[in-house]
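S.K.: Dumping the structure here so I can ask a few things about it.
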Amino acid sequence: MDCMGHGTHVSGIIAGQGPNVRGVAPNVTLGMYRIFGCPSPSGVSGSSDDVMLKAFEMAFNDKSDIISLSLGGDSWPDEPTSVAVANIANKGTVVVAAAGNDGAGGLFTASAPAVAKGVIDVGSVNNWNYTVVDVSISNSVTSNSIMTTLSTSIGSVFEFDSETPLVAPTFTSNATTCAIVEDDLTGFVAVFTKSSDCNYKVVIMALSSAGAAGIVMINSQPGLVYPTIEGANSSVVSVTPEDGQFIMDTIAAGSATIRGPTSKPYVIQAAGEGGQLSWYSSMGPDPYLDLVPHVLAPGGNIYSTFPIKYGSYFVMSGT
């Protein structure tokens with residue numbers, strides 16, 4: 001079972017053949033070698049070198065033409081997984097690996113085994129398109145349609161067939177906590193602005209615990225953001241700062257509601273930052289000052305397949 005959806009999402013990017021997702025190599029034969037377990041109650045999931053080495057060996061012995069590694073860890077070309085895939089690449093198998101998702105740390109954040117000799121190290125650029133839906137925001141004097149992301153909360157769908165009241169909760173915060181003042185948001189869609197005062201995931205979990213029927217996060221930067229949220233009972237979407245301001249103005253004017261989506265299953269909208277390096281994409285050089293990543297490919301805000309029990313399709317980001 002793909003507990004986190006990552007493997008299903010990558011598989012759709014590679015080999016999707018359905019009406020909503022067509023992969024880059026739709027006629028390929030996939031070999032699947034699971035190395036990650038399901039998350040613990042604390043949300044932690046990982047693997048170990050011995051498990052990964054066994055998977056690499058199995059893929060090679062099965063005569064795979066290409067081995068794609070959407071994983072990473074330490075940055076050294078000499079560590080065990082790097083040495084293993086370098087040996088596989090040296091025998092003629094194409095090995096492609098993720099540069100890593102630690103780009104916020106700046107230079108020297110490239111991951112192993114992507115830094116291994118002979119391996120194609122791939123970084124991420126943002127998608128040229130957003131996958132969005134149309135919702136209606138209104139009160140007694142105004143009404144407007146805006147675009148939101150698909151729900152970024154795993155396993156939930158942001159869908160309100162009737163007018164559902166909007167509220168902008170009040171928060172108290174200090175250096176370590178972010179508490180919601182309102183303790184009951186049942187029946188309301190809560191709206192908040194992503195900021196540095198409170199970690200947005202902490203805010204989302206607080207709103208979800210208060211019973212919010214849905215959550216709208218206003219991005220603090222231009223464009224949309226698709227944060228993957230696990231463990232929230234509420235569906236979560238994001239909107240641009242401009243649309244967020246309209247929502248807040250409508251709430252301030254009184255009796256604001258939301259309804260939708262009115263566009264199904266989704267709408268494609270041009271993304272202004274398409275083709276730009278994703279903020280999370282790890283950067284080189286590697287510890288021996290070799291230049292990585294070698295190539296960049298779309299990895300930011302990608303719509304692809306997802307486990308059926310989690311909604312069948314999802315937008316995720318990564319290298």
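We name chains A, B, ... following the order of the structure tokens; residues begin at 1 in each chain, and ligands are numbered from 1 as shown.
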Can you pull out every residue within 10 Å of A:Cys3, counting only C-alpha atoms, but drop anything in the same chain fewer than 2 positions away, and send it as a ChimeraX atom specification?

M.R.: /A:1,5-8,36-39,307,310

S.K.: Residues at most 10 Å from stretch 131-146 of chain A, counting only C-alpha atoms, excluding those fewer than 3 positions away in the same chain, as an MDAnalysis selection string?

M.R.: chainID A and resid 127 149:151 158:160 163:166 224 226 237:240 242:244 246:247 250:251 253:271 301:303 314:315

S.K.: Just list as a PyMOL selection string whatever in stretch 61-310 of chain A DSSP marks as alpha helix (DSSP H).

M.R.: chain A and resi 61+80-90+200-209+241-253

S.K.: Quick one: write out the picked residues with C-alpha atoms as a PDB file, in the first residue's frame?

M.R.:
ATOM      1  CA  ASN A  61      19.104  -7.705 -11.660  1.00  0.00           C
ATOM      2  CA  PRO A  80      27.037   3.472   0.358  1.00  0.00           C
ATOM      3  CA  THR A  81      24.004   4.307  -1.771  1.00  0.00           C
ATOM      4  CA  SER A  82      26.089   6.623  -3.974  1.00  0.00           C
ATOM      5  CA  VAL A  83      28.730   3.971  -4.548  1.00  0.00           C
ATOM      6  CA  ALA A  84      26.062   1.385  -5.389  1.00  0.00           C
ATOM      7  CA  VAL A  85      24.285   3.463  -8.042  1.00  0.00           C
ATOM      8  CA  ALA A  86      27.605   4.654  -9.472  1.00  0.00           C
ATOM      9  CA  ASN A  87      28.535   1.007 -10.033  1.00  0.00           C
ATOM     10  CA  ILE A  88      25.157   0.350 -11.672  1.00  0.00           C
ATOM     11  CA  ALA A  89      25.547   3.381 -13.947  1.00  0.00           C
ATOM     12  CA  ASN A  90      29.059   2.251 -14.834  1.00  0.00           C
ATOM     13  CA  TYR A 200       0.989  27.590   8.511  1.00  0.00           C
ATOM     14  CA  LYS A 201       0.757  23.868   9.295  1.00  0.00           C
ATOM     15  CA  VAL A 202       0.239  24.685  12.987  1.00  0.00           C
ATOM     16  CA  VAL A 203      -2.507  27.138  12.006  1.00  0.00           C
ATOM     17  CA  ILE A 204      -4.184  24.592   9.734  1.00  0.00           C
ATOM     18  CA  MET A 205      -4.176  21.923  12.440  1.00  0.00           C
ATOM     19  CA  ALA A 206      -5.612  24.425  14.975  1.00  0.00           C
ATOM     20  CA  LEU A 207      -8.411  25.405  12.591  1.00  0.00           C
ATOM     21  CA  SER A 208      -9.101  21.773  11.781  1.00  0.00           C
ATOM     22  CA  SER A 209      -9.240  20.885  15.487  1.00  0.00           C
ATOM     23  CA  PRO A 241      -2.786  37.546  -2.251  1.00  0.00           C
ATOM     24  CA  GLU A 242      -5.079  39.528  -4.574  1.00  0.00           C
ATOM     25  CA  ASP A 243      -7.981  37.075  -4.301  1.00  0.00           C
ATOM     26  CA  GLY A 244      -7.274  36.750  -0.596  1.00  0.00           C
ATOM     27  CA  GLN A 245      -7.718  40.491  -0.141  1.00  0.00           C
ATOM     28  CA  PHE A 246     -11.089  40.295  -1.890  1.00  0.00           C
ATOM     29  CA  ILE A 247     -12.149  37.498   0.483  1.00  0.00           C
ATOM     30  CA  MET A 248     -11.061  39.476   3.565  1.00  0.00           C
ATOM     31  CA  ASP A 249     -12.842  42.626   2.313  1.00  0.00           C
ATOM     32  CA  THR A 250     -15.996  40.604   1.701  1.00  0.00           C
ATOM     33  CA  ILE A 251     -15.815  39.098   5.197  1.00  0.00           C
ATOM     34  CA  ALA A 252     -15.305  42.576   6.697  1.00  0.00           C
ATOM     35  CA  ALA A 253     -18.414  43.818   4.870  1.00  0.00           C
TER      36      ALA A 253
END

S.K.: In Å, rounded to a single decimal, give me how far atom CA of A:Ile120 is from atom CA of A:Thr29.

M.R.: 20.5 Å

S.K.: What is the distance, in Å and to one decimal place, between atom CA of A:Gly23 and atom CA of A:Gly275?

M.R.: 18.8 Å
